[in-house]
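Undergrad: Below you'll find the structure I mean.
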There are 2 protein chains.
Amino acid sequence: MRLTFDEIKKEIKRVFMKYGLSEEKAEICARIHTESTYDGIYSHGTGRVARFADYLQKGWVDAGAEPTLETDAGAIRIYNGNMGPGVLNALYCVEEGMKLAAQYGISMVGIKNTTHWMRGGSYGLHAARKGYIAIMWTNTESVMPPWGAKEGRLGNNPFVMAVPGVDGTEPIMLDMAVSQYSYGKIAMTRLAGKKLPFAGGFDKEGNLTDDPGAIQESRRILPMGYWKGSSFSFMLDILGSLLSNGIGAADLDLVGKGSCGGASQIMILIDPDKISGKEHRDEVLKKALHHLRSAALSEHSNGIFAPGEDFAKFREDHDKNGIFVEDVIWNEILSL
Amino acid sequence: MRLTFDEIKKEIKRVFMKYGLSEEKAEICARIHTESTYDGIYSHGTGRVARFADYLQKGWVDAGAEPTLETDAGAIRIYNGNMGPGVLNALYCVEEGMKLAAQYGISMVGIKNTTHWMRGGSYGLHAARKGYIAIMWTNTESVMPPWGAKEGRLGNNPFVMAVPGVDGTEPIMLDMAVSQYSYGKIAMTRLAGKKLPFAGGFDKEGNLTDDPGAIQESRRILPMGYWKGSSFSFMLDILGSLLSNGIGAADLDLVGKGSCGGASQIMILIDPDKISGKEHRDEVLKKALHHLRSAALSEHSNGIFAPGEDFAKFREDHDKNGIFVEDVIWNEILSL
């Protein structure tokens with residue numbers, strides 16, 4: 001199905017209002033979900049509307065809660081998310097972080113006791129479009145075994161780095177989970193009757209495998225870079241809890257309020273104008289992008305992409321043909 | 001060969017003084033190289049003494065240069081490394097960064113036009129032992145093809161995250177390059193007549209391979225996590241140059257002063273005392289470590305390690321039996 005941005009946003013807003021968000025808050029959340037869909041991140045856009053409504057209904061997300069300031073220390077602020085909507089909490093923190101970064105050059109905002117922020121890249125894009133450089137991550141409940149283990153103890157802890165684009169174009173942005181593939185990607189690959197492009201986990205016998213069904217069964221997804229991603233994930237978890245005075249995977253597993261219920265997010269924001277001029281920075285970025293793209297393509301290449309550049313093809317298609325929404329997802333949203 | 005810490009440090013100091021460092025500076029550099037060796041990071045300890053001496057002799061590193069302040073903006077400082085010894089420049093930046101973090105809660109120090117900092121973890125350990133949380137990285141010249149390409153355009157851009165240890169024990173620290181394996185590891189594996197544990201690059205025909213010789217020939221090492229590490233590396237490169245007002249891989253390739261000649265390093269430091277008490281943080285870390293270690297081991301496990309925990313076995317062995325130095329490396333140092 002193909003729909004306009006406003007058609008999608010309006011319907012999502014209706015659902016979120018029905019499940020308890022104020023009109024203003026529903027509008028913002030619906031915009032974020034629709035933007036993710038527009039960028040081709042369907043899983044965290046239209047694909048998460050029903051789950052978020054379910055969390056609101058169960059009281060796992062408190063529709064009316066707002067973040068409260070717990071620590072104000074120079075360029076650092078720590079908030080309690082009070083289990084409010086993760087999207088609104090995270091947007092609030094980016095705004096506060098940008099104000100602090102404008103004042104001090106760099107800032108860090110930590111928020112604890114918040115809920116799923118949906119697509120981490122939403123906040124990287126928000127900051128970078130306003131001219132800030134962003135480093136952000138969230139911790140999550142345990143979904144991935146540590147290297148050397150077969151039971152899940154690590155989050156996939158999405159990690160974001162964003163930089164304002166060249167000449168006012170869209171930001172350059174990395175937005176990655178630390179697992180090689182998400183369970184969502186693994187499930188979709190299985191439904192399509194395909195294999196993963198590369199090994200994405202272990203089967204029940206401990207063999208690396210590209211068979212999505214075997215990984216769904218074992219629940220042993222692979223960290224990116226094997227032992228490297230395993231350690232990176234652990235660091236993001238403990239930094240997440242330490243820097244927000246919040247909790248990590250060990251306790252998140254016990255909260256019982258859905259994916260990322262009670263999680264912490266960290267946002268480090270930097271004002272690049274404190275360091276050099278926009279014109280000079282654009283030159284640096286143009287040179288880096290040219291250098292990247294100047295490499296000879298590999299044998300089976302689909303092209304060389306700068307981080308975030310892959311959104312462009314979705315935006316182009318969606319502008320031309322309308323935004324894609326799977327029929328089953330759209331009917332689910334309509335039925336809510 | 002097995003030697004004491006002081007035996008190694010004394011000999012390295014002698015070499016560094018011979019090649020132009022003052023006694024005081026040679027002492028500090030020799031200590032850093034010896035500490036890396038003690039922690040089992042031989043490649044960046046004793047293994048880099050001859051190369052550093054060579055760089056000093058060629059004038060690629062300016063033995064007498066000191067960092068100069070170029071930008072002082074709130075919690076941000078930018079230095080010009082003036083092509084001085086990377087180890088001394090980096091230590092200077094950590095010290096300045098810790099002072100700023102004590103004042104503002106978080107700080108960022110960027111240094112451009114510096115030289116190889118040897119083991120990135122040296123600075124993470126230094127900061128974390130003094131009670132700070134550290135996020136640091138360096139950019140490097142191009143050594144790795146971007147995803148979809150067969151020519152090197154990305155650095156391996158070592159990335160460090162460090163946290164003070166529990167109850168005064170050693171820091172918890174991630175210190176990783178963004179390539180799956182270093183060329184050093186690939187060369188050593190080939191010399192040992194072995195295969196890499198997992199695919200570490202592509203052969204000349206573009207097939208993923210665990211054959212170290214084929215990767216040495218193609219120069220096509222693999223980013224950790226395939227496309228993920230490729231994008232992560234690009235972000236670390238551009239953030240490295242933007243946040244230090246310095247240069248990235250495209251220009252580093254043209255400097256012609258050895259590995260990392262002219263590179264930028266970024267150090268983000270946070271004073272965790274601004275956020276919570278040490279006792280509480282130790283409880284958080286103990287819980288996270290217990291959670292990690294409580295997982296059932298996998299079929300071929302060598303154990304579950306917290307980041308940085310693997311140094312302990314080297315330290316223990318080196319305390320008991322003396323610090324290991326390969327004969328050929330030691331003879332090379334003696335001959336300098």
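Going through the structure tokens in order, the chains are called A, B, and so on, while each chain numbers its residues from 1 and the ligands are numbered from 1 in the order shown.
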Enumerate the residues of segment 110-234 of chain A with a DSSP assignment of helix (DSSP H, G or I), computed from the backbone, and present them as a PyMOL selection string.

TA: chain A and resi 121-129+166-168+183-191+212-218+227-234

Undergrad: Would you give me, as a short mmCIF file (atom, residue, chain, number, x, y, z; two decimals) with C-alpha atoms, in the first residue's frame, the residues of chain B that come within 6 Å of chain A, using only C-alpha atoms?

TA:
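Output contents, as saved in result35.cif:
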data_model
loop_
_atom_site.label_atom_id
_atom_site.label_comp_id
_atom_site.auth_asym_id
_atom_site.auth_seq_id
_atom_site.Cartn_x
_atom_site.Cartn_y
_atom_site.Cartn_z
CA GLY B 74 34.07 26.07 27.54
CA ALA B 75 34.41 22.33 28.05
CA ILE B 76 36.24 21.92 24.72
CA TYR B 104 32.18 20.90 33.72
CA GLY B 105 31.26 17.24 34.28
CA GLY B 148 31.21 -2.65 -1.39
CA ALA B 149 34.74 -1.64 -2.46
CA LYS B 150 38.05 -3.37 -2.92
CA GLU B 151 40.46 -0.49 -2.36
CA ARG B 153 39.75 4.12 1.98
CA GLY B 206 36.51 -11.09 -3.75
CA MET B 224 34.07 -5.76 12.10
CA GLY B 225 30.43 -6.55 11.38
CA SER B 231 30.19 2.90 8.51
CA ALA B 250 41.99 11.20 2.61
CA HIS B 291 25.02 -10.95 35.05
CA LEU B 292 27.59 -11.31 32.25
CA ALA B 295 25.56 -17.19 31.37
CA ALA B 296 26.06 -20.86 30.53
CA LEU B 297 29.27 -21.31 28.51
CA SER B 298 29.06 -22.13 24.83
CA GLU B 299 30.33 -25.40 23.38
CA SER B 301 34.15 -21.45 25.08
CA GLY B 303 35.36 -18.39 29.19
CA ILE B 304 33.42 -15.15 29.34
CA PRO B 307 36.34 -5.92 28.50
#

Undergrad: Report as number ranges by chain all protein, DNA and RNA residues lying within 10 Å of Leu252 of chain B, evaluated on only C-alpha atoms, omitting residues in the same chain fewer than 2 positions from it.

TA: B: 113, 139-142, 155, 246-250, 254-264

Undergrad: Could you write those residues out with N, CA and C atoms, as a PDB file, in the first residue's frame?

TA:
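Result file selection38.pdb:
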ATOM      1  N   ASN B 113      47.153  16.943  13.991  1.00  0.00           N
ATOM      2  CA  ASN B 113      48.555  17.071  13.612  1.00  0.00           C
ATOM      3  C   ASN B 113      49.463  16.409  14.652  1.00  0.00           C
ATOM      4  N   ASN B 139      41.929   8.787  14.419  1.00  0.00           N
ATOM      5  CA  ASN B 139      41.788   8.382  13.025  1.00  0.00           C
ATOM      6  C   ASN B 139      43.153   7.922  12.501  1.00  0.00           C
ATOM      7  N   THR B 140      43.142   7.267  11.369  1.00  0.00           N
ATOM      8  CA  THR B 140      44.386   6.726  10.800  1.00  0.00           C
ATOM      9  C   THR B 140      44.317   6.869   9.276  1.00  0.00           C
ATOM     10  N   GLU B 141      45.410   6.572   8.639  1.00  0.00           N
ATOM     11  CA  GLU B 141      45.439   6.526   7.179  1.00  0.00           C
ATOM     12  C   GLU B 141      44.561   5.359   6.692  1.00  0.00           C
ATOM     13  N   SER B 142      44.315   5.305   5.403  1.00  0.00           N
ATOM     14  CA  SER B 142      43.451   4.267   4.826  1.00  0.00           C
ATOM     15  C   SER B 142      44.143   2.905   4.849  1.00  0.00           C
ATOM     16  N   GLY B 155      40.292   4.063   7.712  1.00  0.00           N
ATOM     17  CA  GLY B 155      41.243   3.710   8.752  1.00  0.00           C
ATOM     18  C   GLY B 155      40.709   2.581   9.613  1.00  0.00           C
ATOM     19  N   GLY B 246      41.116  18.996  12.309  1.00  0.00           N
ATOM     20  CA  GLY B 246      42.278  18.362  11.694  1.00  0.00           C
ATOM     21  C   GLY B 246      41.937  17.699  10.372  1.00  0.00           C
ATOM     22  N   ILE B 247      42.699  16.682  10.009  1.00  0.00           N
ATOM     23  CA  ILE B 247      42.508  16.025   8.717  1.00  0.00           C
ATOM     24  C   ILE B 247      42.072  14.571   8.909  1.00  0.00           C
ATOM     25  N   GLY B 248      41.498  14.008   7.846  1.00  0.00           N
ATOM     26  CA  GLY B 248      41.033  12.631   7.881  1.00  0.00           C
ATOM     27  C   GLY B 248      41.864  11.738   6.970  1.00  0.00           C
ATOM     28  N   ALA B 249      41.376  10.515   6.781  1.00  0.00           N
ATOM     29  CA  ALA B 249      42.140   9.506   6.037  1.00  0.00           C
ATOM     30  C   ALA B 249      42.566  10.011   4.659  1.00  0.00           C
ATOM     31  N   ALA B 250      41.681  10.743   3.975  1.00  0.00           N
ATOM     32  CA  ALA B 250      41.993  11.203   2.612  1.00  0.00           C
ATOM     33  C   ALA B 250      43.300  11.987   2.599  1.00  0.00           C
ATOM     34  N   LEU B 254      48.308  11.261   2.362  1.00  0.00           N
ATOM     35  CA  LEU B 254      49.239  12.090   1.591  1.00  0.00           C
ATOM     36  C   LEU B 254      50.354  12.688   2.439  1.00  0.00           C
ATOM     37  N   VAL B 255      50.269  12.551   3.758  1.00  0.00           N
ATOM     38  CA  VAL B 255      51.248  13.196   4.643  1.00  0.00           C
ATOM     39  C   VAL B 255      52.644  12.603   4.442  1.00  0.00           C
ATOM     40  N   GLY B 256      52.696  11.275   4.307  1.00  0.00           N
ATOM     41  CA  GLY B 256      53.988  10.644   4.045  1.00  0.00           C
ATOM     42  C   GLY B 256      54.928  10.631   5.232  1.00  0.00           C
ATOM     43  N   LYS B 257      54.361  10.640   6.440  1.00  0.00           N
ATOM     44  CA  LYS B 257      55.201  10.554   7.637  1.00  0.00           C
ATOM     45  C   LYS B 257      54.814   9.354   8.490  1.00  0.00           C
ATOM     46  N   GLY B 258      54.639   8.222   7.827  1.00  0.00           N
ATOM     47  CA  GLY B 258      54.424   6.969   8.535  1.00  0.00           C
ATOM     48  C   GLY B 258      53.004   6.796   9.036  1.00  0.00           C
ATOM     49  N   SER B 259      52.791   5.671   9.734  1.00  0.00           N
ATOM     50  CA  SER B 259      51.465   5.333  10.240  1.00  0.00           C
ATOM     51  C   SER B 259      51.004   6.385  11.243  1.00  0.00           C
ATOM     52  N   CYS B 260      49.838   6.952  10.982  1.00  0.00           N
ATOM     53  CA  CYS B 260      49.199   7.953  11.858  1.00  0.00           C
ATOM     54  C   CYS B 260      49.937   9.291  11.893  1.00  0.00           C
ATOM     55  N   GLY B 261      50.864   9.512  11.009  1.00  0.00           N
ATOM     56  CA  GLY B 261      51.540  10.816  10.954  1.00  0.00           C
ATOM     57  C   GLY B 261      50.563  11.898  10.529  1.00  0.00           C
ATOM     58  N   GLY B 262      50.269  12.833  11.433  1.00  0.00           N
ATOM     59  CA  GLY B 262      49.314  13.900  11.151  1.00  0.00           C
ATOM     60  C   GLY B 262      47.902  13.605  11.626  1.00  0.00           C
ATOM     61  N   ALA B 263      47.729  12.485  12.327  1.00  0.00           N
ATOM     62  CA  ALA B 263      46.385  12.040  12.736  1.00  0.00           C
ATOM     63  C   ALA B 263      45.771  12.953  13.793  1.00  0.00           C
ATOM     64  N   SER B 264      44.481  12.746  14.014  1.00  0.00           N
ATOM     65  CA  SER B 264      43.719  13.432  15.056  1.00  0.00           C
ATOM     66  C   SER B 264      43.260  12.429  16.106  1.00  0.00           C
TER      67      SER B 264
END

Undergrad: In terms of the shortest atom-to-atom distance over only C-alpha atoms, which of A:Ala90, A:Ile111, A:Met118, A:Ala312 is closest to Thr46 of chain A?

TA: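 The closest residue to Thr46 of chain A is A:Met118.
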
Undergrad: Once DSSP has gone over the backbone, tell me which residues of segment 70-302 of chain B are in strand (DSSP E), as a ChimeraX atom specification.

TA: /B:70-73,76-80,106-114,133-138,159-163,172-176,201-202,208-209,263-270

Undergrad: Determine, counting only C-alpha atoms, which protein, DNA and RNA residues have an atom within 7 Å of an atom of segment 19-21 of chain A; residues of the same chain fewer than 2 positions away are not included. Present the result as a list in words.

TA: Val15, Phe16, Met17, Glu23, Lys25, Ala26, Ala53, Leu56, Gln57, Ala63 and Gly64 of chain A

Undergrad: Please list as a list in words every residue within 7 Å of Phe314 of chain A, counting only C-alpha atoms and excluding residues in the same chain fewer than 3 positions away.

TA: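 Residues meeting the cut-off are Tyr38, Asp39, Gly40, Phe311, Asp317 and His318 of chain A.
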
Undergrad: With N, CA and C atoms retained, export the selected residues as a PDB file, in the first residue's frame.

TA:
ATOM      1  N   TYR A  38       9.062   6.842   6.434  1.00  0.00           N
ATOM      2  CA  TYR A  38       9.484   7.577   5.230  1.00  0.00           C
ATOM      3  C   TYR A  38      10.942   7.268   4.875  1.00  0.00           C
ATOM      4  N   ASP A  39      11.792   7.115   5.908  1.00  0.00           N
ATOM      5  CA  ASP A  39      13.210   6.815   5.684  1.00  0.00           C
ATOM      6  C   ASP A  39      13.463   5.333   5.406  1.00  0.00           C
ATOM      7  N   GLY A  40      12.397   4.540   5.378  1.00  0.00           N
ATOM      8  CA  GLY A  40      12.552   3.115   5.079  1.00  0.00           C
ATOM      9  C   GLY A  40      12.790   2.259   6.310  1.00  0.00           C
ATOM     10  N   PHE A 311      19.123   5.993   3.195  1.00  0.00           N
ATOM     11  CA  PHE A 311      17.748   6.507   3.370  1.00  0.00           C
ATOM     12  C   PHE A 311      17.267   7.218   2.100  1.00  0.00           C
ATOM     13  N   ASP A 317      11.863   7.173  -3.540  1.00  0.00           N
ATOM     14  CA  ASP A 317      10.753   6.301  -3.931  1.00  0.00           C
ATOM     15  C   ASP A 317       9.456   6.743  -3.269  1.00  0.00           C
ATOM     16  N   HIS A 318       9.536   7.087  -1.994  1.00  0.00           N
ATOM     17  CA  HIS A 318       8.318   7.473  -1.259  1.00  0.00           C
ATOM     18  C   HIS A 318       7.770   8.810  -1.752  1.00  0.00           C
TER      19      HIS A 318
END

Undergrad: In Å to one decimal, how far is atom CA of Val109 of chain B from atom CA of Ala127 of chain B?

TA: 13.0 Å

Undergrad: Could you check which of A:Gly47, A:Thr34, A:Tyr79, A:Ser22 is closest to Asp62 of chain A, using only C-alpha atoms?

TA: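 For Asp62 of chain A, the nearest of the candidates is A:Ser22.
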
Undergrad: Tell me which protein, DNA and RNA residues are within 10 Å of segment 325-330 of chain B, counting only C-alpha atoms, leaving out same-chain ones fewer than 6 positions away, and put them as a list in words.

TA: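 Within the cut-off, the hits are Met1, Arg2, Leu3, Ile8, Glu11, Ile12, Thr37, Tyr38, Gly40, Tyr42, Gly45, Thr46, Gly47, Arg48, Val49 and Ala50 of chain B.
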
Undergrad: Compare B:Asp210, B:Gly322, B:Met83, B:Gly59 by their minimum atom-to-atom distance to Thr189 of chain B, counting only C-alpha atoms, and give me the closest one.

TA: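 Distance minimum relative to Thr189 of chain B lands on B:Asp210.
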
Undergrad: For segment 183-187 of chain A, find every residue with an atom within 9 Å (counting only C-alpha atoms), except residues of its own chain fewer than 2 positions away, and show them as an NGL selection string.

TA: :A and (43 or 181 or 189-192 or 195-196 or 200 or 211-213 or 215-216 or 219 or 221)

Undergrad: Would you mind reading off the distance between atom CA of Glu96 of chain B and atom CA of Trp60 of chain B, one decimal, in Å?

TA: 25.2 Å

Undergrad: Quick one: pull the distance between atom CA of Asn331 of chain A and atom CA of Pro158 of chain A, Å, one decimal.

TA: 28.9 Å

Undergrad: Looking at only C-alpha atoms, which of A:Lys10, A:His126, A:Arg220, A:Arg315 is the one that sits closest to Leu91 of chain A?

TA: A:His126
